[in-house]
Every structure is written in structure tokens, then in C-alpha cells.
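Chemist: Structure below; questions to follow.
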Amino acid sequence: MASSAHTRPLSEVEIRVKALESLLVEKGLIDLAAVDALIDKYEHKVGPRNGARVVARAWVDPAYKARLLSHGTEAIAELGYTGMQGEDMVVVENTPEVHNVLVCTLCSCYPWPTLGLPPVWYKSAPYRSRVVIDPRGVLQEFGLQLPESTEVRVWDSTSEVRYMVLPERPPGTEHLSEDELAALVTRDAMIGVTKVSA
Amino acid sequence: MNGVHDLGGSDGHGPINPEPNEPVFHAEWEKRVFGMFLPVAACGYFNLDEFRHAIERMGAPSYLNTSYYEHWLHAFETLLVEKGALSAAELAARQQQIAEEAR
């Protein structure tokens, strides 16, 4: 039973985490301030808005787009997005002819500097198992029906390379500014399970 | 290496069910486990490949029936005990102490 009205019994996993953390602190192996700073960074500062800036820049600046597709890591770093899980970036372009979609069948490889931490579904068995054998069926579960004439390419991450999709710029957005374009770009479009809509 | 983690092409795992407006973390303990990774890895007891391998050798039932950050927690506990940073006995004793205090 909980000892007061605003506490509740700890779950087994909560107990394991508290035990591990407290022992690591006592042994001087971790500093809680460093742990807190990392949580704050990946909860509040790093996320798909970064990738959306990259995509919008590529849509408005053909020279940047060319650099992004040929030297992804360096082009992304031009906008300040670098670091862990983004050291070796490959950006693949979606067009009416080719639709790219990303997975990590073995675990959870994902481009943290541009997309943040991956959603649960990306790391889970249903997506990882099926997108490589039935990509069109998986895309339909995300509401995306592609014409038969569109080739689908599935990129399975290695433990080193991280992929990101450059989605198609939606029609009717010629008048929009780079900031307005960035606001349209979604995480799922940069994984390749949806398109960007205006 | 073959193992349950090599999921590509296997069937029977059900629908994908993406969560609308999913938060970055689903519980406070997930944040703690995530935030621990870099500081613990920096201690030098294991590298990223060993960490991944510790998850891959969980065994199919545990792997498929526990969440992503539970995989990470399992890897921390496994590797830190195997490498001698903690003993299994002190970990168990601390868990028992915390459980009793929380009652």
C-alpha cells in the first residue's frame, strides 16, 4: 500500500531503475546532473523540428539540396545539427517515381540530431518485421496508398549509417517561406511512412 | 548473429498502431534509463556494440514481452554485473530495500 495519498506502490521496473541509479551514484559512476541534462536535451531540444529545417532548406535552395543528397552529414551540420547517432548520415529523396522508407530491423537505429528519439512503433516488432516484406501494406497502415508505378525502397539501418528521407515538397506551396515550409514537415514524412501535405 | 532481435521478415507481430502525439518518454523511469546511458557508457565498462549484444541475448520471451527501455535496463544490469561494477547481490539488496521503503 502507498504510504500517503500522493504516492503509489512502485512497479517492479521502477524499483529496478531506482536501485541501479542509486548504486551508480554512490559508487561515483554517474552524476545525476549529467543524467538530468541529457534527459532535458532529448525531451525538449533535439527533435524532428531540426530535420524539418533541413528539409525546408533543401526545398528552397537547390545547391543545398545537392549537398544534402551527396554529403548528408556535412550538409546537416551546416544547420548546426551534429552529434551522437548522426555521425554518418545518408539522405534519400522521395519523388513521384521512388518512395523511400526507413527501418532498423535489428534494433532502433535512428538519426537523433535531426529526428530526435524514435517513436515506440519504430522500435517495435510489428513495424520492424513487416516493412521489409510488405512495405506497401505497412504504408497503408499509415494512410499512404502509393501508385503501383512508384518504386518503394526500404532502407534498413546498419549500426553505423543513419538514414533520413527528404520528402516531396507538396504542390501549391510555391508562395510559402522557408519557415512556413518547415512547419509542414512531419517526423513520419522524414521516416518515409507518410508524405508531407500542405 | 541469428536471434529474436533479427525481426525483419518474421510474421505474427500484429498491427503497428502508431500512437498519435506520442510523448518522447512514457514514464519517469524511462527518462532515468535513457539519461543514464551516456554517463554509464563513459565509465568504460562496455561499448555500444556490447550494449546491443546484451539486449540480443535476452531470450525471445523477455525480448518480445518487455518494452524498449526495459531492454536498456536489462542491458545495464547484465553488463555492469558481468564487468564487476556492481554485484548481483548488492543490486538485489538495494531493490529489496527500495521496495520495502515504498510500501
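Every chain in the C-alpha cells has a letter given in the order shown (A, B, ...), and although residue numbers restart at 1 in each chain, ligands are simply numbered from 1 in the order shown.
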Return as a PyMOL selection string the residues belonging to chain A that are within 7 Å of chain B, counting only C-alpha atoms.
Modeler: chain A and resi 1-3+9-10+14-17+19-20+29-30+35-36+38-39+43+105-107+117+121+125-130+132-133
Chemist: For atom CA of Arg136 of chain A and atom CA of Leu68 of chain A, determine how far apart the two atoms are, in Å to one decimal place.
Modeler: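 Those two atoms sit 26.7 Å apart.
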Chemist: Work out how far atom CA of Ala66 of chain A is from atom CA of Val152 of chain A, in Å to one decimal.
Modeler: 21.8 Å
Chemist: Can you tell me, as a PyMOL selection string, which residues in segment 4-196 of chain A count as alpha helix (DSSP H) by DSSP?
Modeler: chain A and resi 12-26+32-40+48-60+62-70+72-78+112-115+120-123+125-130+135-141+178-184+187-191
Chemist: Just want the 9 Å neighbourhood of segment 45-49 of chain A, counted on only C-alpha atoms, with same-chain residues fewer than 2 positions away dropped. Output as an NGL selection string.
Modeler: :A and (40-43 or 51-54 or 81 or 112-117 or 182-183 or 185-187 or 190)
Chemist: Write the selection just made, keeping C-alpha atoms, as a tab-separated table (two decimals), in the first residue's frame?
Modeler:
```tsv
chain	number	residue	atom	x	y	z
A	40	ASP	CA	16.23	17.59	-20.92
A	41	LYS	CA	18.19	17.76	-24.17
A	42	TYR	CA	16.43	14.86	-25.84
A	43	GLU	CA	13.00	15.62	-24.39
A	51	GLY	CA	15.01	17.67	-39.54
A	52	ALA	CA	12.14	19.86	-40.78
A	53	ARG	CA	14.58	22.81	-41.04
A	54	VAL	CA	16.89	20.66	-43.14
A	81	TYR	CA	22.71	19.52	-36.26
A	112	TRP	CA	18.87	11.55	-33.40
A	113	PRO	CA	20.27	15.00	-34.32
A	114	THR	CA	17.60	15.57	-36.97
A	115	LEU	CA	14.64	13.48	-35.77
A	116	GLY	CA	15.18	13.13	-32.02
A	117	LEU	CA	14.43	9.83	-30.30
A	182	ALA	CA	9.39	23.73	-42.22
A	183	ALA	CA	6.17	23.88	-40.24
A	185	VAL	CA	7.23	18.76	-42.41
A	186	THR	CA	6.44	15.87	-40.08
A	187	ARG	CA	8.57	13.25	-38.38
A	190	MET	CA	11.11	12.06	-42.79
```
Chemist: What is the atom CA of Glu141 of chain A-atom CA of Thr158 of chain A distance in Å, reported with one decimal?
Modeler: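 Atom-to-atom, atom CA of Glu141 of chain A to atom CA of Thr158 of chain A, that is 25.0 Å.
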Chemist: Kindly indicate which residue among A:Ala189, A:Leu69, A:Met164, A:Cys109 lies nearest to Gln85 of chain A, using only C-alpha atoms for the distances.
Modeler: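 Result for the nearest residue to Gln85 of chain A: A:Cys109.
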Chemist: List as a short mmCIF file (atom, residue, chain, number, x, y, z; two decimals) with C-alpha atoms, in the first residue's frame the protein and nucleic acid residues near Val60 of chain A, meaning an atom at most 9 Å away when only C-alpha atoms are counted, but skip any in the same chain fewer than 5 places from it.
Modeler:
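This is the output file result_17.cif:
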```cif
data_model
loop_
_atom_site.label_atom_id
_atom_site.label_comp_id
_atom_site.auth_asym_id
_atom_site.auth_seq_id
_atom_site.Cartn_x
_atom_site.Cartn_y
_atom_site.Cartn_z
CA VAL A 55 14.05 19.61 -45.44
CA LYS A 65 19.72 20.07 -51.68
CA SER A 177 8.57 30.90 -46.87
CA GLU A 178 11.24 28.52 -45.63
#
```
